[in-house]
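Peer 1: Structure supplied as structure_10.cif; contents: mmCIF, C-alpha atoms and all ligand atoms.
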data_input
#
loop_
_atom_site.label_atom_id
_atom_site.label_comp_id
_atom_site.auth_asym_id
_atom_site.auth_seq_id
_atom_site.Cartn_x
_atom_site.Cartn_y
_atom_site.Cartn_z
CA MET A 7 83.79 76.56 109.53
CA THR A 8 87.15 74.99 108.70
CA VAL A 9 90.18 77.25 108.62
CA THR A 10 91.88 77.71 105.24
CA ILE A 11 95.56 78.54 104.89
CA THR A 12 97.58 79.22 101.76
CA ALA A 13 100.82 77.55 100.75
CA PHE A 14 103.11 77.26 97.75
CA GLU A 15 101.85 75.05 94.95
CA LYS A 16 105.53 74.16 94.53
CA SER A 17 107.81 75.23 97.34
CA PRO A 18 111.30 76.41 96.35
CA ASP A 19 112.74 74.06 99.00
CA GLY A 20 111.06 71.05 97.38
CA GLY A 21 109.32 70.08 100.63
CA LYS A 22 112.02 70.42 103.29
CA GLY A 23 109.50 72.19 105.49
CA LEU A 24 111.21 75.58 105.27
CA ALA A 25 108.27 77.42 103.73
CA ARG A 26 106.41 79.29 106.41
CA ASP A 27 103.10 77.49 106.00
CA THR A 28 104.78 74.62 107.91
CA ARG A 29 104.80 76.57 111.19
CA VAL A 30 101.11 77.40 110.79
CA ARG A 31 100.30 73.77 109.98
CA TRP A 32 102.32 72.81 113.07
CA ALA A 33 100.36 75.18 115.33
CA LEU A 34 97.08 73.83 113.95
CA GLU A 35 98.26 70.27 114.51
CA GLU A 36 99.43 70.98 118.08
CA THR A 37 96.01 72.37 118.92
CA GLY A 38 94.08 69.67 117.06
CA GLN A 39 92.47 71.98 114.51
CA PRO A 40 91.49 70.68 111.07
CA TYR A 41 92.37 72.92 108.15
CA ASP A 42 92.15 73.22 104.39
CA VAL A 43 94.96 74.45 102.18
CA ARG A 44 94.69 76.58 99.05
CA LEU A 45 97.80 76.16 96.93
CA LEU A 46 99.13 79.11 94.97
CA SER A 47 101.63 79.58 92.19
CA PHE A 48 104.10 82.50 92.48
CA GLN A 49 102.06 84.22 89.80
CA ALA A 50 98.76 83.80 91.66
CA MET A 51 100.35 85.16 94.85
CA LYS A 52 100.79 88.52 93.14
CA GLN A 53 97.26 88.73 91.71
CA PRO A 54 94.55 90.98 93.19
CA ALA A 55 92.59 88.07 94.70
CA HIS A 56 95.52 87.07 96.91
CA LEU A 57 96.78 90.62 97.46
CA ALA A 58 93.39 91.37 99.02
CA LEU A 59 94.29 88.80 101.70
CA HIS A 60 98.02 89.47 101.93
CA PRO A 61 99.23 92.97 101.02
CA PHE A 62 102.75 91.71 100.28
CA GLY A 63 101.59 88.84 98.08
CA GLN A 64 103.14 86.12 100.21
CA ILE A 65 102.13 82.86 101.86
CA PRO A 66 100.86 81.82 104.30
CA THR A 67 97.52 83.44 104.97
CA TYR A 68 94.84 82.25 107.38
CA GLU A 69 91.11 82.53 106.80
CA ASP A 70 88.50 81.67 109.40
CA GLY A 71 85.10 82.92 108.29
CA GLU A 72 85.33 86.69 108.08
CA LEU A 73 88.75 86.80 109.70
CA VAL A 74 91.76 87.01 107.38
CA LEU A 75 95.28 87.09 108.80
CA PHE A 76 98.76 87.23 107.34
CA GLU A 77 102.18 87.14 109.08
CA THR A 78 103.00 83.84 110.76
CA GLY A 79 103.60 85.52 114.12
CA SER A 80 100.08 86.86 114.15
CA ILE A 81 98.58 83.63 112.81
CA VAL A 82 100.33 81.36 115.30
CA LEU A 83 99.54 83.71 118.19
CA HIS A 84 95.89 83.77 117.15
CA ILE A 85 95.74 79.97 117.03
CA ALA A 86 97.53 79.71 120.38
CA GLN A 87 95.19 82.20 122.04
CA ARG A 88 92.06 80.61 120.64
CA HIS A 89 92.89 76.96 121.32
CA ALA A 90 94.54 75.19 124.25
CA GLY A 91 97.95 73.59 123.90
CA LEU A 92 100.42 76.29 122.94
CA LEU A 93 100.31 78.90 125.71
CA PRO A 94 100.45 78.53 129.49
CA HIS A 95 97.39 79.62 131.49
CA ALA A 96 99.33 81.70 134.03
CA ALA A 97 99.50 85.29 132.79
CA ASP A 98 103.24 85.84 133.36
CA ALA A 99 104.26 82.53 131.81
CA ARG A 100 101.97 83.28 128.85
CA ALA A 101 103.62 86.68 128.38
CA ARG A 102 107.06 85.06 128.46
CA ALA A 103 106.06 82.47 125.84
CA ILE A 104 104.83 85.28 123.59
CA THR A 105 108.10 87.11 124.20
CA TRP A 106 109.96 84.10 122.79
CA MET A 107 107.75 84.22 119.71
CA PHE A 108 108.80 87.82 119.16
CA ALA A 109 112.44 86.97 119.84
CA ALA A 110 112.32 84.27 117.18
CA LEU A 111 110.69 86.52 114.62
CA SER A 112 112.36 89.84 115.23
CA THR A 113 115.76 89.04 116.76
CA ILE A 114 116.70 85.75 115.10
CA GLU A 115 114.79 85.29 111.84
CA PRO A 116 115.88 88.49 110.04
CA LEU A 117 119.55 87.46 110.34
CA ILE A 118 118.76 84.00 109.00
CA HIS A 119 116.76 85.56 106.17
CA ASP A 120 119.79 87.69 105.38
CA LEU A 121 121.83 84.51 104.95
CA THR A 122 119.22 83.14 102.53
CA ILE A 123 119.43 86.35 100.52
CA ALA A 124 123.24 86.35 100.56
CA LYS A 125 123.36 82.78 99.30
CA PHE A 126 120.50 82.53 96.86
CA GLN A 127 119.75 86.03 95.61
CA GLU A 128 123.17 87.63 95.84
CA GLY A 129 125.37 84.56 95.58
CA ASP A 130 126.73 85.66 92.20
CA LYS A 131 127.64 89.19 93.29
CA PRO A 132 131.36 89.93 93.51
CA TRP A 133 131.08 91.21 97.09
CA THR A 134 129.25 88.16 98.46
CA ARG A 135 132.46 86.31 99.26
CA GLU A 136 133.47 89.13 101.64
CA ARG A 137 129.98 89.69 103.00
CA LEU A 138 129.06 86.08 103.77
CA PRO A 139 131.40 85.62 106.77
CA LEU A 140 129.94 88.79 108.32
CA VAL A 141 126.40 87.49 107.85
CA LEU A 142 127.38 84.16 109.44
CA ASP A 143 129.09 85.88 112.38
CA ARG A 144 126.02 88.01 113.06
CA ILE A 145 123.95 84.83 113.30
CA ARG A 146 126.53 83.21 115.62
CA ALA A 147 126.35 86.29 117.83
CA ARG A 148 122.63 85.61 118.35
CA LEU A 149 122.89 81.83 118.65
CA GLN A 150 125.50 82.04 121.38
CA PRO A 151 123.28 83.79 123.98
CA LEU A 152 120.28 81.75 122.88
CA SER A 153 122.27 78.58 123.46
CA ALA A 154 123.42 79.90 126.86
CA ARG A 155 119.85 80.69 127.89
CA LEU A 156 118.50 77.29 126.81
CA GLY A 157 121.36 75.49 128.58
CA GLY A 158 120.34 71.91 129.30
CA ALA A 159 116.59 72.57 129.29
CA ASP A 160 114.23 70.93 126.83
CA TRP A 161 112.34 74.14 126.04
CA LEU A 162 112.95 77.84 126.47
CA ASP A 163 110.61 78.47 129.40
CA GLY A 164 109.06 75.45 131.06
CA ASP A 165 106.75 73.38 128.91
CA PHE A 166 106.73 73.48 125.11
CA SER A 167 104.92 76.60 123.91
CA ALA A 168 104.21 78.73 120.87
CA GLY A 169 107.54 80.41 121.68
CA ASP A 170 109.36 77.12 121.08
CA LEU A 171 107.27 76.36 118.00
CA MET A 172 108.35 79.64 116.47
CA MET A 173 111.99 79.43 117.60
CA VAL A 174 112.40 75.88 116.27
CA SER A 175 110.67 76.87 113.01
CA VAL A 176 113.12 79.72 112.56
CA LEU A 177 116.23 77.79 113.60
CA LEU A 178 115.62 74.82 111.37
CA ARG A 179 116.08 77.11 108.39
CA LEU A 180 119.75 77.17 109.41
CA ARG A 181 120.38 73.45 109.15
CA ALA A 182 121.95 73.49 105.68
CA SER A 183 124.46 76.16 106.76
CA GLY A 184 126.01 73.89 109.42
CA LEU A 185 125.77 76.73 111.97
CA LEU A 186 123.36 74.83 114.20
CA ASP A 187 125.95 72.09 114.67
CA GLU A 188 128.22 74.66 116.34
CA PHE A 189 125.65 74.78 119.17
CA PRO A 190 124.82 71.17 120.06
CA ASN A 191 122.10 72.09 122.54
CA LEU A 192 120.33 74.17 119.88
CA ALA A 193 120.66 71.36 117.35
CA ALA A 194 119.12 68.99 119.92
CA TYR A 195 116.39 71.56 120.67
CA VAL A 196 115.43 71.74 117.00
CA ALA A 197 115.49 67.94 116.75
CA ARG A 198 113.18 67.77 119.81
CA GLY A 199 110.73 70.09 118.08
CA GLU A 200 110.86 68.09 114.88
CA ALA A 201 110.25 64.87 116.83
CA ARG A 202 106.87 66.09 118.09
CA PRO A 203 104.01 64.17 116.47
CA ALA A 204 102.28 67.42 115.52
CA TYR A 205 105.39 68.66 113.72
CA LYS A 206 105.71 65.35 111.89
CA ARG A 207 102.12 65.60 110.67
CA ALA A 208 102.66 69.19 109.52
CA PHE A 209 105.88 68.24 107.76
CA ALA A 210 104.29 65.24 106.04
CA ALA A 211 101.37 67.36 104.83
CA GLN A 212 103.57 69.95 103.16
CA LEU A 213 105.84 67.24 101.75
CA ALA A 214 102.87 65.49 100.18
CA VAL A 215 102.09 68.68 98.26
CA ASN A 216 105.65 69.09 97.03
CA ALA A 217 106.29 65.44 96.25
CA ALA A 218 103.15 65.28 94.11
N1 LIG B 1 107.06 87.71 107.72
C1 LIG B 1 106.26 86.86 106.88
C2 LIG B 1 107.14 86.28 105.79
C3 LIG B 1 106.32 85.56 104.74
C4 LIG B 1 107.21 85.03 103.64
O1 LIG B 1 108.37 85.45 103.47
N2 LIG B 1 106.69 84.07 102.87
C5 LIG B 1 107.45 83.51 101.78
C6 LIG B 1 107.31 81.99 101.79
S1 LIG B 1 108.04 81.25 103.20
C7 LIG B 1 106.89 84.00 100.46
O2 LIG B 1 105.70 84.08 100.28
N3 LIG B 1 107.81 84.28 99.51
C8 LIG B 1 107.44 84.69 98.19
C9 LIG B 1 107.50 86.17 98.02
O3 LIG B 1 107.86 86.90 98.96
O4 LIG B 1 107.19 86.60 96.92
C10 LIG B 1 105.60 85.76 107.73
O5 LIG B 1 106.18 85.35 108.74
O6 LIG B 1 104.49 85.33 107.37
#
Give the structure from the file, written as structure tokens.
Peer 2:
Amino acid sequence: MTVTITAFEKSPDGGKGLARDTRVRWALEETGQPYDVRLLSFQAMKQPAHLALHPFGQIPTYEDGELVLFETGSIVLHIAQRHAGLLPHAADARARAITWMFAALSTIEPLIHDLTIAKFQEGDKPWTRERLPLVLDRIRARLQPLSARLGGADWLDGDFSAGDLMMVSVLLRLRASGLLDEFPNLAAYVARGEARPAYKRAFAAQLAVNAA
């Protein structure tokens, strides 16, 4: 049975690949898995049919027969565990790759999400002008050690893994802020991820939806 994921019918980013279905598409492409996509309006995302799949009424979801998953960390980990290509075989290396997935999602992404909120949801609030530099500095404080750890390597721990897929997916949400350019090795790391054929296919697929 073919996997079905959900995505925005019309993504707020207009197809820049920032919506989180892109990382799931990328994982499916890296592992050579075909998939179908069910597109949802914002309204449909909050209706009972979708809430039964995703308690928070968000995208993406992942359906494979009886199995329904939400949360991109869980979805990408599931894909990576089920299919070869995204996790090393050696147990310790596999655990480290999964650690980088968690680092991306729990140590880096919340701060980047905070920037999105500060800019787009709270941009008109009188206190945003004072708050924004603090939000940016908190991100810098995470990028600095990440940049130091990556150093001159291509990927975070040996070969490309689900940890890199998730870290690149999270970091590329920063591009418009200019913060990535302050860390040239991280900017190059993101560019390396985006240059992967599987990423390009995932990006093109979500763009096709949004350009239509
Ligand atoms: N932690 C969740 C976040 C999911 C999420 O924020 N999805 C966004 C799209 S990228 C969404 O559905 N936003 C609409 C909403 O929250 O109503 C994950 O990684 O799957």
Peer 1: When distances are computed from only C-alpha atoms and all ligand atoms, which of A:Ile85, A:Ala194, A:Leu140, A:Met172 shows the smallest separation from ligand LIG 1 (chain B)?
Peer 2: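 Using only C-alpha atoms and all ligand atoms, the shortest distance to ligand LIG 1 (chain B) belongs to A:Met172.
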Peer 1: Ligand LIG 1 (chain B): which residues are within 6 Å, counting all atoms listed in the file? Reply as JSON, numbers by chain.
Peer 2: {"A": [25, 26, 64, 65, 66, 77, 78, 79]}
Peer 1: Kindly indicate which residue among A:Ala103, A:Arg146, A:Ala208, A:Ala90 lies nearest to Gly23 (chain A), using all atoms listed in the file for the distances.
Peer 2: A:Ala208
Peer 1: Compare A:Leu121, A:Leu111, A:Leu186, A:Leu213 by their minimum atom-to-atom distance to Val82 (chain A), counting only C-alpha atoms, and give me the closest one.
Peer 2: A:Leu111
Peer 1: Hey, which of A:Leu59, A:Val215, A:Leu185, A:Leu92 ends up closest to Leu171 (chain A)? Count all atoms listed in the file.
Peer 2: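 Ranking A:Leu59, A:Val215, A:Leu185, A:Leu92 by distance to Leu171 (chain A), first place goes to A:Leu92.
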Peer 1: So that I can see what lies close to Arg102 (chain A), please list as a CSV table (one decimal) with C-alpha atoms, in the coordinates of the input the residues with an atom at most 10 Å from it, counting all atoms listed in the file and leaving out residues fewer than 6 positions away in the same chain.
Peer 2:
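Saved file selection08.csv follows:
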chain,number,residue,atom,x,y,z
A,93,LEU,CA,100.3,78.9,125.7
A,94,PRO,CA,100.4,78.5,129.5
A,108,PHE,CA,108.8,87.8,119.2
A,162,LEU,CA,113.0,77.8,126.5
A,163,ASP,CA,110.6,78.5,129.4
A,167,SER,CA,104.9,76.6,123.9
A,169,GLY,CA,107.5,80.4,121.7
Peer 1: Please report the interatomic distance between CA of Val176 (chain A) and CA of Phe62 (chain A) in Å with one decimal.
Peer 2: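 Between CA of Val176 (chain A) and CA of Phe62 (chain A) the gap works out to 20.1 Å.
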Peer 1: Fewer than 6 positions away in the same chain doesn't count, so skip those; otherwise give me all residues within 8 Å of Pro40 (chain A), counting all atoms listed in the file, as number ranges by chain.
Peer 2: A: 8-9, 34
Peer 1: Please, what distance in Å, to one decimal, runs between CA of Ile118 (chain A) and CA of Glu15 (chain A)?
Peer 2: 23.7 Å
Peer 1: What does the distance from CA of Gln212 (chain A) to CA of Arg100 (chain A) come to in Å, to one decimal?
Peer 2: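 Straight-line distance from CA of Gln212 (chain A) to CA of Arg100 (chain A) works out to 29.0 Å.
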Peer 1: Determine the nearest neighbour of Asp19 (chain A) from the options A:Phe126, A:Phe189, A:Tyr205, A:Phe166, counting all atoms listed in the file.
Peer 2: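 Result for the nearest residue to Asp19 (chain A): A:Phe126.
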Peer 1: Once 6 Å is added on each side, what centre and edge lengths in Å to one decimal does the axis-aligned box around all listed atoms of region 133-141 of chain A have, as AutoDock Vina command-line options?
Peer 2:
--center_x 129.9 --center_y 88.4 --center_z 102.7 --size_x 19.1 --size_y 17.6 --size_z 23.2
Peer 1: Of the residues A:Ile145, A:Ile81, A:Ile114, A:Ala101, which is the one nearest to Tyr68 (chain A), using all atoms listed in the file?
Peer 2: A:Ile81
Peer 1: Could you please give me, as a ChimeraX atom specification, the residues of protein, DNA or RNA lying at most 10 Å from (117.1, 83.8, 124.4) in the coordinate frame of the file, considering only C-alpha atoms?
Peer 2: /A:105-106,109-110,113-114,148-156,162-163,173
Peer 1: Can you tell me which residues surround Val43 (chain A) at a distance of at most 6 Å, considering all atoms listed in the file, apart from same-chain residues fewer than 2 positions away, and format the answer as a ChimeraX atom specification?
Peer 2: /A:10-12
Peer 1: Any chance you could model all heavy atoms for region 98-109 of chain A and send them as an mmCIF file, keeping the file's coordinate frame?
Peer 2:
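Output file selection_22.cif is given in full below:
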data_model
loop_
_atom_site.group_PDB
_atom_site.id
_atom_site.type_symbol
_atom_site.label_atom_id
_atom_site.label_comp_id
_atom_site.auth_asym_id
_atom_site.auth_seq_id
_atom_site.Cartn_x
_atom_site.Cartn_y
_atom_site.Cartn_z
ATOM 1 N N ASP A 98 101.824 85.489 133.567
ATOM 2 C CA ASP A 98 103.240 85.840 133.360
ATOM 3 C C ASP A 98 103.926 84.837 132.447
ATOM 4 O O ASP A 98 104.707 85.224 131.558
ATOM 5 C CB ASP A 98 103.970 85.908 134.712
ATOM 6 C CG ASP A 98 103.603 87.167 135.496
ATOM 7 O OD1 ASP A 98 102.767 87.959 134.998
ATOM 8 O OD2 ASP A 98 104.134 87.354 136.608
ATOM 9 N N ALA A 99 103.636 83.557 132.657
ATOM 10 C CA ALA A 99 104.260 82.530 131.810
ATOM 11 C C ALA A 99 103.787 82.689 130.365
ATOM 12 O O ALA A 99 104.554 82.512 129.402
ATOM 13 C CB ALA A 99 103.908 81.140 132.337
ATOM 14 N N ARG A 100 102.524 83.045 130.193
ATOM 15 C CA ARG A 100 101.970 83.280 128.850
ATOM 16 C C ARG A 100 102.704 84.445 128.180
ATOM 17 O O ARG A 100 103.101 84.378 127.014
ATOM 18 C CB ARG A 100 100.467 83.587 128.999
ATOM 19 C CG ARG A 100 99.726 83.808 127.726
ATOM 20 C CD ARG A 100 98.233 83.947 128.004
ATOM 21 N NE ARG A 100 97.601 82.646 128.031
ATOM 22 C CZ ARG A 100 96.684 82.229 127.143
ATOM 23 N NH1 ARG A 100 96.279 83.032 126.194
ATOM 24 N NH2 ARG A 100 96.177 81.038 127.208
ATOM 25 N N ALA A 101 102.911 85.510 128.931
ATOM 26 C CA ALA A 101 103.620 86.680 128.380
ATOM 27 C C ALA A 101 105.050 86.311 127.988
ATOM 28 O O ALA A 101 105.574 86.778 126.970
ATOM 29 C CB ALA A 101 103.605 87.819 129.391
ATOM 30 N N ARG A 102 105.672 85.457 128.806
ATOM 31 C CA ARG A 102 107.060 85.060 128.460
ATOM 32 C C ARG A 102 107.089 84.195 127.204
ATOM 33 O O ARG A 102 107.977 84.349 126.364
ATOM 34 C CB ARG A 102 107.708 84.324 129.641
ATOM 35 C CG ARG A 102 108.042 85.224 130.823
ATOM 36 C CD ARG A 102 109.014 84.543 131.793
ATOM 37 N NE ARG A 102 108.510 83.278 132.282
ATOM 38 C CZ ARG A 102 107.744 83.127 133.377
ATOM 39 N NH1 ARG A 102 107.396 84.190 134.105
ATOM 40 N NH2 ARG A 102 107.337 81.934 133.758
ATOM 41 N N ALA A 103 106.105 83.313 127.050
ATOM 42 C CA ALA A 103 106.060 82.470 125.840
ATOM 43 C C ALA A 103 105.893 83.359 124.600
ATOM 44 O O ALA A 103 106.539 83.133 123.566
ATOM 45 C CB ALA A 103 104.914 81.461 125.951
ATOM 46 N N ILE A 104 105.045 84.364 124.726
ATOM 47 C CA ILE A 104 104.830 85.280 123.590
ATOM 48 C C ILE A 104 106.102 86.079 123.318
ATOM 49 O O ILE A 104 106.457 86.347 122.167
ATOM 50 C CB ILE A 104 103.610 86.194 123.866
ATOM 51 C CG1 ILE A 104 102.334 85.338 123.914
ATOM 52 C CG2 ILE A 104 103.489 87.285 122.809
ATOM 53 C CD1 ILE A 104 101.087 86.071 124.418
ATOM 54 N N THR A 105 106.822 86.411 124.378
ATOM 55 C CA THR A 105 108.100 87.110 124.200
ATOM 56 C C THR A 105 109.058 86.283 123.352
ATOM 57 O O THR A 105 109.748 86.806 122.472
ATOM 58 C CB THR A 105 108.738 87.407 125.576
ATOM 59 O OG1 THR A 105 107.845 88.236 126.315
ATOM 60 C CG2 THR A 105 110.085 88.097 125.432
ATOM 61 N N TRP A 106 109.080 84.955 123.598
ATOM 62 C CA TRP A 106 109.960 84.100 122.790
ATOM 63 C C TRP A 106 109.519 84.041 121.333
ATOM 64 O O TRP A 106 110.343 83.919 120.429
ATOM 65 C CB TRP A 106 110.065 82.696 123.414
ATOM 66 C CG TRP A 106 111.022 82.654 124.570
ATOM 67 C CD1 TRP A 106 110.728 82.401 125.877
ATOM 68 C CD2 TRP A 106 112.444 82.900 124.526
ATOM 69 N NE1 TRP A 106 111.875 82.475 126.650
ATOM 70 C CE2 TRP A 106 112.939 82.781 125.841
ATOM 71 C CE3 TRP A 106 113.342 83.223 123.502
ATOM 72 C CZ2 TRP A 106 114.292 82.957 126.163
ATOM 73 C CZ3 TRP A 106 114.690 83.404 123.808
ATOM 74 C CH2 TRP A 106 115.144 83.269 125.120
ATOM 75 N N MET A 107 108.216 84.150 121.105
ATOM 76 C CA MET A 107 107.750 84.220 119.710
ATOM 77 C C MET A 107 108.332 85.454 119.027
ATOM 78 O O MET A 107 108.828 85.388 117.897
ATOM 79 C CB MET A 107 106.223 84.311 119.637
ATOM 80 C CG MET A 107 105.479 83.066 120.018
ATOM 81 S SD MET A 107 103.696 83.317 119.794
ATOM 82 C CE MET A 107 103.601 83.419 118.004
ATOM 83 N N PHE A 108 108.256 86.581 119.735
ATOM 84 C CA PHE A 108 108.800 87.820 119.160
ATOM 85 C C PHE A 108 110.310 87.722 118.984
ATOM 86 O O PHE A 108 110.867 88.213 117.997
ATOM 87 C CB PHE A 108 108.445 89.022 120.040
ATOM 88 C CG PHE A 108 107.071 89.563 119.796
ATOM 89 C CD1 PHE A 108 105.968 89.047 120.442
ATOM 90 C CD2 PHE A 108 106.870 90.598 118.886
ATOM 91 C CE1 PHE A 108 104.684 89.534 120.204
ATOM 92 C CE2 PHE A 108 105.601 91.103 118.636
ATOM 93 C CZ PHE A 108 104.495 90.563 119.301
ATOM 94 N N ALA A 109 110.971 87.112 119.952
ATOM 95 C CA ALA A 109 112.440 86.970 119.840
ATOM 96 C C ALA A 109 112.796 86.173 118.592
ATOM 97 O O ALA A 109 113.719 86.531 117.853
ATOM 98 C CB ALA A 109 112.981 86.281 121.099
#
